[in-house]
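Some notes on the structure that comes next.
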Amino acid sequence: MAIPETPSRRSLIPSFLYSSSVRMVNLDQNLMPGVNNPSGLSDSTAAPQHSAEGIGRNFMIPAPNESGIKMFSPAFYAACTAGGILSCGLTHMAVTPLDLVKCNMQINPAKYRNISSGFGVLLKEQGVKGFFRGWVPTLLGYSAQGACKFGFYEFFKKYYSDIAGPENAAKYKTIIYLAGSASAEVIADICLCPFEAVKVRVQTQPGFARGLADGFPKFVKAEGAAALYKGIVPLWGRQIPYTMMKFATFENIVEAIYKYAIPTPKDKCSKGLQLGVSFAGGYVAGVFCAIVSHPADNLVSFLNNSKGATAGDAVKKLGLMGLCTRGLPLRIFMIGTLTGAQWGIYDSFKVFVGLPTTGGSPAPAKK
């Protein structure tokens, strides 16, 4: 049964965060109780009866109150967490070969001079299996990171919106996106850091270990458990700006697409179109993410590969230009594809459980 909206209930859900509910209404059918009727028809207590033909023509993403999950409920955050696991874990594992070449180009540029020669060297020395070295810590580490990144982003976005109030939340929405994503990433990187340390060591030092099972205890035995977090500060330096750019840019790009490029309101667009917008917005956001976070990415790779190395050593050896540009073209391609796929998977999962896709133009104010 639909629950009528009250002013207090609406105030907890800032209109700019999610699209308004989808209404599939036929003129010869009654409206569900408590649902806003833009056509001017009066409400009725009878629920609409959709024919199979009507559903086929108007298959849209269900509104939050049409699914079994209430917005901002524990189940909602659990669904966002699960979507984050799928979106980050699977995509990072899939691009392991690109990540492997990128890390080796950063650590040993004399041997891995460019993308094509890097793949050639790996294929010659380690065979096809070598391209997926380190996939287990990649899968587990980025699954944990994705769970916190997306789940806590939705939490902090709502939390900061409530603090700001509806008017300020709409006015300063980009600041809320930035603050929510930064807060989420601080937590997410604490989960990622140990896996990232082992992954880089496995990928850049052949013979160190086969993977996580033998690499983790070997790493701890050699350098101590505290060394697993040696790269936490540069990791924050890489991931926090990356994630702030990823979420804030995505949200604003998606809103701009619906506002300027698509004549149909978001809540009346098809499921496929909405997910296509999510992928496109994610890809463009990923390009900006790669550029902003690349110097710190080089630093993370350098520190995790060299025992006792410092940030000063990295700057001295690589130079400021090297920190900013070494491996950048490959990372732009990798992160653009990765981020687009992540938003596509994340929003697909939200659609699967009956939630709206992320972002979009603000819902019109109710009169």
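Labels for the structure tokens follow display order: chains A, B, ..., residues from 1 in each chain, ligands from 1.
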Within 10 Å of range 110-123 of chain A using only C-alpha atoms, minus same-chain residues under 3 positions, as a count of residues only: 20
Non-local contacts of Cys191 in chain A (12 Å; only C-alpha atoms; under 4 positions in same chain excluded) as a compact mmCIF listing (two decimals) with N, CA and C atoms, in the first residue's frame:
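That gives us result.txt:
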```txt
# COMPACT_ATOMS: atom_id res chain seq x y z
N PRO A 137 43.91 -10.24 -4.50
CA PRO A 137 43.87 -9.04 -3.64
C PRO A 137 43.15 -7.87 -4.31
N LEU A 140 39.27 -8.74 -3.77
CA LEU A 140 38.85 -8.61 -2.38
C LEU A 140 39.02 -7.17 -1.88
N GLY A 141 40.14 -6.55 -2.21
CA GLY A 141 40.40 -5.20 -1.73
C GLY A 141 39.41 -4.19 -2.28
N TYR A 142 39.15 -4.25 -3.57
CA TYR A 142 38.26 -3.26 -4.16
C TYR A 142 36.79 -3.60 -3.93
N SER A 143 36.49 -4.84 -3.62
CA SER A 143 35.12 -5.17 -3.18
C SER A 143 34.85 -4.52 -1.83
N ALA A 144 35.82 -4.63 -0.91
CA ALA A 144 35.67 -3.99 0.40
C ALA A 144 35.61 -2.47 0.26
N GLN A 145 36.46 -1.95 -0.61
CA GLN A 145 36.45 -0.51 -0.83
C GLN A 145 35.13 -0.05 -1.43
N GLY A 146 34.62 -0.79 -2.41
CA GLY A 146 33.37 -0.42 -3.06
C GLY A 146 32.19 -0.46 -2.11
N ALA A 147 32.19 -1.44 -1.22
CA ALA A 147 31.11 -1.53 -0.24
C ALA A 147 31.04 -0.27 0.60
N CYS A 148 32.19 0.19 1.08
CA CYS A 148 32.23 1.40 1.91
C CYS A 148 32.05 2.66 1.09
N LYS A 149 32.65 2.69 -0.10
CA LYS A 149 32.58 3.89 -0.93
C LYS A 149 31.15 4.26 -1.28
N ALA A 184 33.21 9.13 2.81
CA ALA A 184 33.09 7.70 2.52
C ALA A 184 34.44 7.10 2.14
N GLU A 185 35.24 7.85 1.39
CA GLU A 185 36.51 7.30 0.90
C GLU A 185 37.54 7.13 2.02
N VAL A 186 37.50 7.99 3.03
CA VAL A 186 38.40 7.82 4.17
C VAL A 186 38.21 6.44 4.78
N ILE A 187 36.97 6.03 4.94
CA ILE A 187 36.66 4.71 5.51
C ILE A 187 37.01 3.61 4.52
N PHE A 195 45.27 -4.74 1.20
CA PHE A 195 45.19 -5.50 -0.06
C PHE A 195 45.99 -4.80 -1.16
N GLU A 196 45.95 -3.48 -1.18
CA GLU A 196 46.68 -2.73 -2.19
C GLU A 196 48.19 -2.90 -2.00
N ALA A 197 48.64 -2.93 -0.76
CA ALA A 197 50.08 -3.11 -0.50
C ALA A 197 50.57 -4.45 -1.02
N LEU A 228 51.62 -2.75 6.25
CA LEU A 228 50.45 -2.86 5.37
C LEU A 228 49.76 -1.51 5.19
N TYR A 229 49.96 -0.62 6.16
CA TYR A 229 49.36 0.70 6.09
C TYR A 229 50.40 1.79 5.83
N ILE A 232 48.98 4.36 3.42
CA ILE A 232 47.62 4.86 3.65
C ILE A 232 47.50 6.36 3.32
N LEU A 235 47.63 6.83 -0.33
CA LEU A 235 46.41 6.22 -0.85
C LEU A 235 45.24 7.17 -0.67
N TRP A 236 45.13 7.79 0.51
CA TRP A 236 44.12 8.83 0.70
C TRP A 236 44.34 9.97 -0.28
```
Quick one: residues within 12 Å of Tyr260 in chain A, only C-alpha atoms, excluding same-chain residues fewer than 6 positions away - as a compact mmCIF listing (two decimals) with C-alpha atoms, in the first residue's frame?
```txt
# COMPACT_ATOMS: atom_id res chain seq x y z
CA ASN A 252 26.53 17.12 -12.23
CA ILE A 253 27.17 15.56 -15.64
CA VAL A 254 24.11 13.33 -15.35
CA LYS A 266 14.33 11.50 -16.33
CA GLY A 360 19.43 13.49 -12.57
CA SER A 361 17.66 16.79 -12.88
```
List as CSV every residue of range 320-346 of chain A that is in contact with range 292-312 of chain A, defined as an atom at most 10 Å from one of its atoms (using only C-alpha atoms), together with the nearest atom pair and the distance in Å rounded to one decimal, sorted by chain and then rising number.
```
residue,atom,partner,partner_atom,distance
A:Leu320,CA,A:Pro295,CA,8.3
A:Met321,CA,A:Pro295,CA,9.0
A:Gly322,CA,A:Pro295,CA,8.2
A:Leu323,CA,A:Pro295,CA,4.7
A:Cys324,CA,A:Pro295,CA,4.6
A:Thr325,CA,A:His294,CA,7.5
A:Arg326,CA,A:Asn298,CA,7.6
A:Gly327,CA,A:Asn298,CA,8.4
A:Leu328,CA,A:His294,CA,6.8
A:Arg331,CA,A:His294,CA,7.9
A:Ile332,CA,A:His294,CA,9.1
```
